[in-house]
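With compact mmCIF, C-alpha atoms and all ligand atoms inside, this is work.txt:
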# COMPACT_ATOMS: atom_id res chain seq x y z
CA MET A 294 15.92 -13.14 23.50
CA ARG A 295 12.42 -14.01 22.29
CA ILE A 296 10.35 -11.43 20.40
CA ILE A 297 6.67 -12.10 19.73
CA VAL A 298 5.14 -10.17 16.84
CA THR A 299 1.35 -9.91 16.45
CA VAL A 300 0.26 -9.84 12.82
CA LYS A 301 -3.25 -9.34 11.50
CA GLN A 302 -4.35 -10.27 7.99
CA VAL A 303 -6.55 -7.46 6.70
CA PRO A 304 -8.46 -6.74 3.47
CA ASN A 305 -6.53 -4.39 1.21
CA THR A 306 -8.72 -1.41 2.03
CA ASN A 307 -7.60 0.40 -1.13
CA GLU A 308 -9.67 -2.20 -2.98
CA VAL A 309 -12.73 -2.31 -0.71
CA ARG A 310 -15.72 -0.65 -2.41
CA TRP A 311 -18.99 0.64 -1.01
CA ASP A 312 -22.11 -1.29 -2.05
CA ARG A 313 -24.72 1.50 -2.32
CA SER A 314 -27.73 -0.82 -2.63
CA ARG A 315 -26.92 -2.88 0.47
CA GLY A 316 -25.16 -0.14 2.45
CA THR A 317 -22.27 -2.49 3.25
CA LEU A 318 -18.60 -2.83 2.37
CA GLN A 319 -17.97 -5.04 -0.64
CA ARG A 320 -15.16 -7.39 0.46
CA GLU A 321 -15.74 -10.17 -2.09
CA GLY A 322 -12.72 -10.75 -4.29
CA VAL A 323 -10.66 -8.26 -2.28
CA ASP A 324 -7.05 -9.24 -1.74
CA SER A 325 -5.83 -9.86 1.83
CA ILE A 326 -2.55 -8.37 2.99
CA ILE A 327 -0.48 -8.18 6.16
CA ASN A 328 -1.56 -5.10 8.11
CA PRO A 329 1.05 -2.48 7.02
CA GLU A 330 2.23 -1.41 10.50
CA ASP A 331 2.60 -5.09 11.49
CA LYS A 332 5.26 -5.25 8.76
CA ASN A 333 7.04 -2.39 10.54
CA ALA A 334 6.79 -4.34 13.81
CA LEU A 335 8.19 -7.46 12.11
CA GLU A 336 10.99 -5.49 10.45
CA ALA A 337 12.00 -4.05 13.85
CA ALA A 338 12.11 -7.59 15.28
CA ILE A 339 14.18 -8.92 12.37
CA LYS A 340 16.66 -6.04 12.77
CA LEU A 341 17.06 -6.83 16.49
CA LYS A 342 17.56 -10.49 15.60
CA GLU A 343 20.38 -9.50 13.21
CA GLN A 344 22.00 -7.20 15.79
CA HIS A 345 21.61 -9.18 19.03
CA GLY A 346 20.31 -12.64 18.12
CA ALA A 347 16.69 -13.47 18.87
CA GLU A 348 13.90 -15.91 18.15
CA VAL A 349 11.12 -14.11 16.27
CA VAL A 350 7.72 -15.74 16.85
CA VAL A 351 4.77 -14.41 14.85
CA ILE A 352 1.23 -14.95 16.07
CA SER A 353 -1.98 -14.22 14.20
CA MET A 354 -5.61 -14.81 15.14
CA GLY A 355 -7.91 -15.33 12.21
CA PRO A 356 -9.56 -17.84 9.88
CA PRO A 357 -7.48 -20.55 8.12
CA GLN A 358 -6.85 -18.16 5.17
CA ALA A 359 -4.55 -16.17 7.47
CA LYS A 360 -1.95 -18.90 6.87
CA LYS A 361 -1.06 -16.99 3.69
CA ALA A 362 0.11 -14.05 5.83
CA LEU A 363 2.13 -16.44 8.00
CA ARG A 364 3.89 -17.92 4.95
CA GLU A 365 4.88 -14.38 4.08
CA VAL A 366 6.34 -13.75 7.55
CA TYR A 367 8.50 -16.86 7.16
CA ALA A 368 9.71 -15.49 3.83
CA LEU A 369 10.53 -12.21 5.60
CA GLY A 370 12.69 -13.94 8.25
CA ALA A 371 10.43 -15.10 11.14
CA ASP A 372 11.54 -18.24 13.01
CA ARG A 373 8.17 -19.56 14.11
CA ALA A 374 4.59 -18.82 13.01
CA ILE A 375 1.42 -19.61 14.94
CA LEU A 376 -2.16 -19.28 13.72
CA VAL A 377 -4.74 -18.94 16.48
CA SER A 378 -7.93 -20.22 14.93
CA ASP A 379 -11.15 -21.82 16.08
CA ARG A 380 -14.84 -21.36 15.24
CA ALA A 381 -15.31 -20.40 18.91
CA PHE A 382 -13.19 -17.25 18.29
CA ALA A 383 -15.39 -15.97 15.41
CA GLY A 384 -17.15 -12.66 15.99
CA ALA A 385 -14.55 -11.52 18.55
CA ASP A 386 -14.29 -7.78 19.23
CA THR A 387 -11.00 -6.22 20.30
CA LEU A 388 -11.37 -7.36 23.94
CA ALA A 389 -12.03 -11.01 23.06
CA THR A 390 -9.26 -10.88 20.40
CA SER A 391 -6.73 -9.47 22.87
CA TYR A 392 -7.73 -12.01 25.51
CA VAL A 393 -7.20 -14.96 23.16
CA LEU A 394 -3.91 -13.52 21.86
CA SER A 395 -2.60 -12.91 25.40
CA GLU A 396 -3.49 -16.45 26.48
CA SER A 397 -1.77 -17.79 23.34
CA ILE A 398 1.33 -15.78 24.28
CA ARG A 399 1.24 -17.32 27.78
CA LYS A 400 1.15 -20.73 26.12
CA ILE A 401 4.26 -19.88 24.03
CA GLY A 402 6.10 -19.28 27.32
CA ASP A 403 8.82 -16.78 28.29
CA PHE A 404 9.33 -13.71 26.11
CA ASP A 405 11.26 -10.45 26.28
CA LEU A 406 9.40 -8.25 23.85
CA ILE A 407 5.99 -8.14 22.13
CA PHE A 408 5.80 -6.03 18.97
CA SER A 409 2.46 -4.99 17.44
CA GLY A 410 1.37 -2.55 14.78
CA ARG A 411 -0.08 0.72 16.11
CA GLN A 412 -3.43 -0.08 14.49
CA ALA A 413 -5.05 -2.26 11.88
CA ILE A 414 -6.26 -0.61 8.67
CA ASP A 415 -9.67 -2.30 8.82
CA GLY A 416 -10.71 -2.10 12.50
CA ASP A 417 -8.59 1.02 13.16
CA THR A 418 -9.12 0.93 16.93
CA ALA A 419 -5.46 0.66 18.07
CA GLN A 420 -6.76 -1.25 21.11
CA VAL A 421 -5.39 -4.76 20.63
CA GLY A 422 -1.71 -4.09 21.51
CA PRO A 423 -2.46 -2.12 24.70
CA GLN A 424 -5.11 -4.66 25.77
CA ILE A 425 -2.65 -7.57 25.36
CA ALA A 426 -0.22 -5.69 27.64
CA GLY A 427 -3.09 -5.19 30.11
CA PHE A 428 -4.01 -8.88 30.16
CA LEU A 429 -0.35 -9.90 30.59
CA ASP A 430 0.24 -7.14 33.17
CA ILE A 431 3.36 -5.81 31.45
CA PRO A 432 4.31 -2.21 30.52
CA GLN A 433 3.53 -0.87 27.06
CA ILE A 434 4.83 1.96 24.88
CA THR A 435 2.74 2.92 21.84
CA TYR A 436 3.62 4.89 18.65
CA VAL A 437 7.22 3.65 18.58
CA LYS A 438 9.53 5.09 15.92
CA ASP A 439 12.91 3.85 17.11
CA LEU A 440 14.39 1.65 19.82
CA LYS A 441 17.65 0.56 21.42
CA ILE A 442 18.20 -2.51 23.58
CA GLU A 443 20.40 -2.18 26.66
CA ASN A 444 20.77 -5.20 28.95
CA LYS A 445 17.26 -5.94 30.27
CA SER A 446 15.68 -2.67 29.17
CA VAL A 447 14.63 -0.83 26.01
CA LYS A 448 15.02 2.84 25.16
CA VAL A 449 12.24 3.88 22.85
CA GLN A 450 11.51 6.94 20.74
CA LYS A 451 7.77 7.55 20.87
CA GLU A 452 5.82 9.91 18.61
CA THR A 453 3.47 12.31 20.39
CA ASP A 454 1.20 15.13 19.17
CA PHE A 455 3.99 17.59 19.97
CA GLY A 456 7.14 15.80 18.82
CA TYR A 457 9.06 12.83 20.17
CA GLN A 458 9.84 11.46 23.63
CA TRP A 459 12.56 8.99 24.65
CA LEU A 460 11.23 6.52 27.21
CA GLU A 461 12.86 3.60 28.96
CA ALA A 462 11.18 0.40 30.13
CA LYS A 463 12.33 -2.88 31.61
CA THR A 464 11.57 -6.03 29.66
CA PRO A 465 9.19 -7.75 29.18
CA VAL A 466 7.42 -4.86 27.46
CA LEU A 467 4.93 -4.46 24.60
CA LEU A 468 5.65 -1.88 21.87
CA THR A 469 3.35 -0.75 19.06
CA PHE A 470 5.07 0.55 15.91
CA ILE A 471 4.20 3.34 13.50
CA LYS A 472 4.98 3.31 9.78
CA GLU A 473 7.81 5.85 10.19
CA ALA A 474 9.78 3.25 12.23
CA ASN A 475 11.46 1.62 9.23
CA ASP A 476 11.09 0.52 5.62
CA PRO A 477 9.95 -3.12 5.71
CA GLY A 478 12.06 -5.47 3.58
CA TYR A 479 10.82 -7.66 0.76
CA PRO A 480 10.93 -11.47 0.75
CA THR A 481 13.64 -13.08 -1.35
CA LEU A 482 12.72 -15.67 -3.98
CA ARG A 483 14.53 -18.29 -1.90
CA GLY A 484 12.59 -17.16 1.18
CA ILE A 485 9.28 -17.54 -0.67
CA PHE A 486 10.16 -21.10 -1.82
CA ASP A 487 11.37 -22.09 1.67
CA SER A 488 8.25 -20.69 3.34
CA PHE A 489 6.19 -23.51 1.81
CA GLU A 490 8.36 -26.07 3.63
CA ARG A 491 7.86 -24.43 7.03
CA ASN A 492 5.38 -25.56 9.66
CA ILE A 493 2.58 -23.22 10.69
CA GLU A 494 1.41 -24.28 14.16
CA VAL A 495 -2.29 -23.91 14.94
CA PHE A 496 -3.62 -23.11 18.41
CA SER A 497 -7.32 -23.92 18.64
CA ASN A 498 -9.37 -23.84 21.80
CA THR A 499 -8.63 -27.53 22.24
CA GLU A 500 -5.06 -26.50 23.07
CA LEU A 501 -5.88 -23.21 24.82
CA GLN A 502 -8.83 -24.47 26.91
CA LEU A 503 -10.32 -20.99 27.36
CA GLU A 504 -13.70 -20.39 28.91
CA GLU A 505 -16.30 -20.12 26.09
CA SER A 506 -18.08 -17.12 27.68
CA ARG A 507 -14.93 -15.00 27.09
CA LEU A 508 -14.65 -15.90 23.40
CA GLY A 509 -16.26 -14.83 20.13
CA LEU A 510 -19.53 -12.90 20.20
CA ASP A 511 -20.33 -14.02 23.77
CA GLY A 512 -17.07 -12.54 25.05
CA SER A 513 -17.47 -9.28 23.05
CA PRO A 514 -19.05 -6.29 24.80
CA THR A 515 -18.84 -4.19 21.58
CA LYS A 516 -21.98 -4.31 19.45
CA VAL A 517 -21.90 -2.72 15.98
CA LYS A 518 -25.24 -0.88 15.58
CA LYS A 519 -24.77 0.58 12.13
CA VAL A 520 -22.13 0.85 9.42
CA PHE A 521 -22.38 3.87 7.11
CA LYS A 522 -20.35 5.97 4.76
CA PRO A 523 -19.83 9.50 6.15
CA ALA A 524 -21.34 12.30 4.05
CA PRO A 525 -18.66 13.93 1.89
CA LYS A 526 -17.36 17.20 3.32
CA GLY A 527 -18.04 20.48 1.52
CA LYS A 528 -15.41 21.92 -0.79
CA GLY A 529 -14.09 24.33 1.84
CA GLU A 530 -13.07 27.93 1.34
CA ILE A 531 -9.73 28.84 -0.19
CA VAL A 532 -8.13 32.09 0.98
CA GLU A 533 -5.77 33.34 -1.71
CA GLU A 534 -6.13 37.09 -2.03
CA GLY A 535 -3.80 39.71 -0.54
CA THR A 536 -0.52 39.33 1.29
CA ALA A 537 0.34 36.43 3.61
CA ARG A 538 -0.61 38.73 6.52
CA ASP A 539 -4.02 39.59 4.97
CA MET A 540 -4.75 35.90 4.43
CA THR A 541 -3.66 34.94 7.96
CA CYS A 542 -5.85 37.73 9.46
CA LYS A 543 -8.82 36.53 7.44
CA ILE A 544 -8.36 32.95 8.71
CA VAL A 545 -7.96 34.17 12.32
CA ASP A 546 -11.17 36.25 12.03
CA TYR A 547 -12.97 33.22 10.62
CA ILE A 548 -11.98 30.85 13.43
CA LYS A 549 -12.81 33.55 16.02
CA GLU A 550 -16.24 33.85 14.45
CA LYS A 551 -16.65 30.08 14.92
CA ASN A 552 -15.59 30.45 18.60
CA VAL A 553 -12.61 28.13 18.10
CA ILE A 554 -10.34 30.88 19.56
CA ARG A 555 -11.14 34.17 21.30
C1 LIG A 601 -19.00 -7.21 17.48
C2 LIG A 601 -17.79 -7.43 16.64
C3 LIG A 601 -17.66 -8.61 15.93
C4 LIG A 601 -16.53 -8.85 15.15
N1 LIG A 601 -16.43 -10.01 14.47
C5 LIG A 601 -15.33 -10.28 13.75
C6 LIG A 601 -15.18 -11.51 13.05
O1 LIG A 601 -16.03 -12.39 13.11
N2 LIG A 601 -14.03 -11.71 12.31
C7 LIG A 601 -13.07 -10.74 12.25
O2 LIG A 601 -12.03 -10.96 11.59
N3 LIG A 601 -13.18 -9.57 12.90
C8 LIG A 601 -14.29 -9.31 13.64
N4 LIG A 601 -14.40 -8.13 14.29
C9 LIG A 601 -13.31 -7.18 14.20
C10 LIG A 601 -12.26 -7.53 15.25
O3 LIG A 601 -12.73 -7.30 16.54
C11 LIG A 601 -11.07 -6.66 15.08
O4 LIG A 601 -10.62 -6.78 13.77
C12 LIG A 601 -9.92 -7.11 15.98
O5 LIG A 601 -10.33 -7.19 17.31
C13 LIG A 601 -8.75 -6.19 15.90
O6 LIG A 601 -9.15 -4.86 16.15
P1 LIG A 601 -8.58 -3.75 15.20
O7 LIG A 601 -8.75 -4.20 13.79
O8 LIG A 601 -9.18 -2.45 15.59
O9 LIG A 601 -7.04 -3.83 15.52
P2 LIG A 601 -6.09 -2.76 16.21
O10 LIG A 601 -6.32 -2.75 17.65
O11 LIG A 601 -6.17 -1.47 15.47
O12 LIG A 601 -4.72 -3.52 15.89
C14 LIG A 601 -3.51 -3.15 16.54
C15 LIG A 601 -2.51 -4.24 16.37
O13 LIG A 601 -2.93 -5.39 17.12
C16 LIG A 601 -2.54 -6.58 16.43
N5 LIG A 601 -3.74 -7.35 16.07
C17 LIG A 601 -5.01 -6.92 15.92
N6 LIG A 601 -5.82 -7.93 15.60
C18 LIG A 601 -5.05 -9.05 15.52
C19 LIG A 601 -5.28 -10.40 15.21
N7 LIG A 601 -6.49 -10.85 14.90
N8 LIG A 601 -4.22 -11.27 15.24
C20 LIG A 601 -2.97 -10.84 15.55
N9 LIG A 601 -2.70 -9.55 15.83
C21 LIG A 601 -3.71 -8.67 15.82
C22 LIG A 601 -1.78 -6.15 15.20
O14 LIG A 601 -0.42 -6.09 15.50
C23 LIG A 601 -2.34 -4.74 14.93
O15 LIG A 601 -1.48 -3.92 14.21
C24 LIG A 601 -15.53 -7.85 15.06
C25 LIG A 601 -15.67 -6.66 15.76
C26 LIG A 601 -16.78 -6.43 16.53
C27 LIG A 601 -16.90 -5.13 17.25
How does the structure come out when it is put into structure tokens?
Amino acid sequence: MRIIVTVKQVPNTNEVRWDRSRGTLQREGVDSIINPEDKNALEAAIKLKEQHGAEVVVISMGPPQAKKALREVYALGADRAILVSDRAFAGADTLATSYVLSESIRKIGDFDLIFSGRQAIDGDTAQVGPQIAGFLDIPQITYVKDLKIENKSVKVQKETDFGYQWLEAKTPVLLTFIKEANDPGYPTLRGIFDSFERNIEVFSNTELQLEESRLGLDGSPTKVKKVFKPAPKGKGEIVEEGTARDMTCKIVDYIKEKNVIR
């Protein structure tokens, strides 16, 4: 079984500050980390490898600095790590990113499963996983909390707004994982040392031979018009007087007044 895990290196958004004078995010000197839910996706792949045997291939599109994230995935138990990197890919929106990642996956060859994070903490669109499945014309299940492998199919517990669903799909299938799926492990000291001996393959457009008009800014229909910090919300009103019933009635009257319910 071959499992491909997509991993994005992201700025640690807890450390990103707002530059008031320029109206932009201050990323300088901010640490880069593996996108948290991609660690859940990797952990799920490593667990399957332990239970059933599998080759875990991690793929990341980004600048050369993203190699740091790929060293970490080796230390966490990945078998093969590929950086997809070329100046022609710079400025890619989610569509161009997903296109390049899906073509890179085609180049890797046969696979049974693709695991992604639900969303990245910087872009936050949650589009890349589903778009990769679209380009590869395979089924997808998003918001995965748990899974079981049975022959050539997966049974998956998916989070919804109302609870959980169990769904079944034939492989190959793409799954996107949420943070509740598992507790990602930590690299061992030995794993960290060994990761520096491992080869990180690089796919540039010389290998992929993709049409330039579908890459980078040219291949990106999304245009960012403005980036701004939303105005802080008001303090809100706290209802604390009377019995639980009095307080509930007051809240119901309030939301009726606002026409949220009748
Ligand atoms: C006009 C425009 C220009 C942009 N230019 C750049 C740029 O020059 N450089 C830049 O870094 N970003 C750029 N971006 C942002 C970039 O498009 C997104 O970061 C990227 O497409 C992923 O989208 P997301 O962060 O919303 O990921 P999501 O869709 O929220 O991510 C979901 C999952 O997909 C996978 N995934 C997402 N991105 C990658 C990746 N790169 N490699 C492997 N797996 C991935 C991960 O598993 C992740 O958990 C640009 C965006 C726009 C709109």
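Distance annotation: of A:Ile401, A:Ile326, A:Leu440, A:Val421, the residue with the minimal separation from Val303 of chain A is A:Ile326; atom set is all atoms listed in the file.
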As a tab-separated table (two decimals) with C-alpha atoms, in the frame of the given file, please: every protein or nucleic acid residue near ligand LIG 601 (chain A) (cut-off 6 Å, counting all atoms listed in the file).
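Wrote result_22.tsv, looks like this:
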chain	number	residue	atom	x	y	z
A	299	THR	CA	1.35	-9.91	16.45
A	300	VAL	CA	0.26	-9.84	12.82
A	301	LYS	CA	-3.25	-9.34	11.50
A	330	GLU	CA	2.23	-1.41	10.50
A	331	ASP	CA	2.60	-5.09	11.49
A	352	ILE	CA	1.23	-14.95	16.07
A	353	SER	CA	-1.98	-14.22	14.20
A	354	MET	CA	-5.61	-14.81	15.14
A	355	GLY	CA	-7.91	-15.33	12.21
A	383	ALA	CA	-15.39	-15.97	15.41
A	384	GLY	CA	-17.15	-12.66	15.99
A	385	ALA	CA	-14.55	-11.52	18.55
A	386	ASP	CA	-14.29	-7.78	19.23
A	387	THR	CA	-11.00	-6.22	20.30
A	390	THR	CA	-9.26	-10.88	20.40
A	409	SER	CA	2.46	-4.99	17.44
A	410	GLY	CA	1.37	-2.55	14.78
A	411	ARG	CA	-0.08	0.72	16.11
A	412	GLN	CA	-3.43	-0.08	14.49
A	413	ALA	CA	-5.05	-2.26	11.88
A	415	ASP	CA	-9.67	-2.30	8.82
A	416	GLY	CA	-10.71	-2.10	12.50
A	417	ASP	CA	-8.59	1.02	13.16
A	418	THR	CA	-9.12	0.93	16.93
A	419	ALA	CA	-5.46	0.66	18.07
A	420	GLN	CA	-6.76	-1.25	21.11
A	421	VAL	CA	-5.39	-4.76	20.63
A	422	GLY	CA	-1.71	-4.09	21.51
A	515	THR	CA	-18.84	-4.19	21.58
A	516	LYS	CA	-21.98	-4.31	19.45
A	517	VAL	CA	-21.90	-2.72	15.98
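The interatomic distance for the pair atom CA of Lys340 of chain A and atom CA of Arg483 of chain A works out to 19.2 Å.
Minimum atom-to-atom distances from A:Gln458, A:Ser378, A:Thr464, A:Thr469 to Asn498 of chain A were compared using all atoms listed in the file, and the lowest value belongs to A:Ser378.
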- List the neighbours of Lys400 of chain A out to 10 Å using all atoms listed in the file; skip same-chain residues closer than 5 positions along the sequence, and give me the result as a list in words. Leu394, Ser395, Phe496, Glu500 and Leu501 of chain A
- Compile the contact shell of Tyr436 of chain A as a PyMOL selection string: residues with an atom at most 9 Å away, counting only C-alpha atoms, same-chain residues fewer than 5 positions apart removed. chain A and resi 410-411+450-453+468-471
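Our summary of the geometry notes that atom CA of Ile485 of chain A is positioned 20.0 Å from atom CA of Ala337 of chain A.
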- Just the residues within 7 Å of Ala374 of chain A, please, counting all atoms listed in the file, with nothing from its chain fewer than 2 positions along; format it as a ChimeraX atom specification. /A:350-352,363,372,376,493-494
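Take atom CA of Lys445 of chain A and atom CA of Phe408 of chain A: the distance between them is 16.1 Å.
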- Item | Near-Gln502 of chain A list (12 Å; only C-alpha atoms; drop same-chain fewer than 3 positions) as a ChimeraX atom specification | /A:379,381,393,396-397,400,496-499,505-508
How about saving the chosen residues, C-alpha atoms kept, as an mmCIF file, in the coordinates of the input?
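Printed below is again.cif as written:
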data_model
loop_
_atom_site.group_PDB
_atom_site.id
_atom_site.type_symbol
_atom_site.label_atom_id
_atom_site.label_comp_id
_atom_site.auth_asym_id
_atom_site.auth_seq_id
_atom_site.Cartn_x
_atom_site.Cartn_y
_atom_site.Cartn_z
ATOM 1 C CA ASP A 379 -11.150 -21.820 16.080
ATOM 2 C CA ALA A 381 -15.310 -20.400 18.910
ATOM 3 C CA VAL A 393 -7.200 -14.960 23.160
ATOM 4 C CA GLU A 396 -3.490 -16.450 26.480
ATOM 5 C CA SER A 397 -1.770 -17.790 23.340
ATOM 6 C CA LYS A 400 1.150 -20.730 26.120
ATOM 7 C CA PHE A 496 -3.620 -23.110 18.410
ATOM 8 C CA SER A 497 -7.320 -23.920 18.640
ATOM 9 C CA ASN A 498 -9.370 -23.840 21.800
ATOM 10 C CA THR A 499 -8.630 -27.530 22.240
ATOM 11 C CA GLU A 505 -16.300 -20.120 26.090
ATOM 12 C CA SER A 506 -18.080 -17.120 27.680
ATOM 13 C CA ARG A 507 -14.930 -15.000 27.090
ATOM 14 C CA LEU A 508 -14.650 -15.900 23.400
#
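With all atoms listed in the file as the basis for measurement, A:Pro477 is the residue among A:Pro423, A:Gly509, A:Pro523, A:Pro477 that approaches Pro329 of chain A most closely.
Shortest atom-to-atom contact with Tyr367 of chain A among A:Arg399, A:Leu335, A:Ala426, A:Lys519: A:Leu335, counting only C-alpha atoms.
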- Item | Protein, DNA and RNA residues within 10 Å of (-6.3, -12.4, 4.3), all atoms listed in the file, as a list in words | Lys301, Gln302, Val303, Pro304, Asn305, Val323, Asp324, Ser325, Ile326, Ile327, Asn328, Gly355, Pro356, Pro357, Gln358, Ala359, Lys360, Lys361 and Ala362 of chain A
Hey, what's within 8 Å of Ala338 of chain A if we count all atoms listed in the file and toss same-chain stuff fewer than 5 positions away? As a PDB file with C-alpha atoms, keeping the file's coordinate frame, please?
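Final file, part-v3.pdb:
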ATOM      1  CA  ILE A 296      10.350 -11.430  20.400  1.00  0.00           C
ATOM      2  CA  VAL A 298       5.140 -10.170  16.840  1.00  0.00           C
ATOM      3  CA  VAL A 349      11.120 -14.110  16.270  1.00  0.00           C
ATOM      4  CA  PHE A 408       5.800  -6.030  18.970  1.00  0.00           C
TER       5      PHE A 408
END
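With all atoms listed in the file as the basis for measurement, A:Ile442 is the residue among A:Ser391, A:Glu534, A:Ile375, A:Ile442 that approaches Gly346 of chain A most closely.
Among the candidate residues A:Arg555, A:Ala462, A:Gln344, A:Val520, the one lying nearest to Pro432 of chain A is A:Ala462, with distances computed using all atoms listed in the file.
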Around all of segment 485-500 of chain A's listed atoms, make the axis-aligned box with 8 Å on each side and tell me centre and edge lengths in Å to one decimal, as AutoDock Vina command-line options.
--center_x 1.0 --center_y -22.5 --center_z 10.6 --size_x 36.7 --size_y 26.0 --size_z 40.9
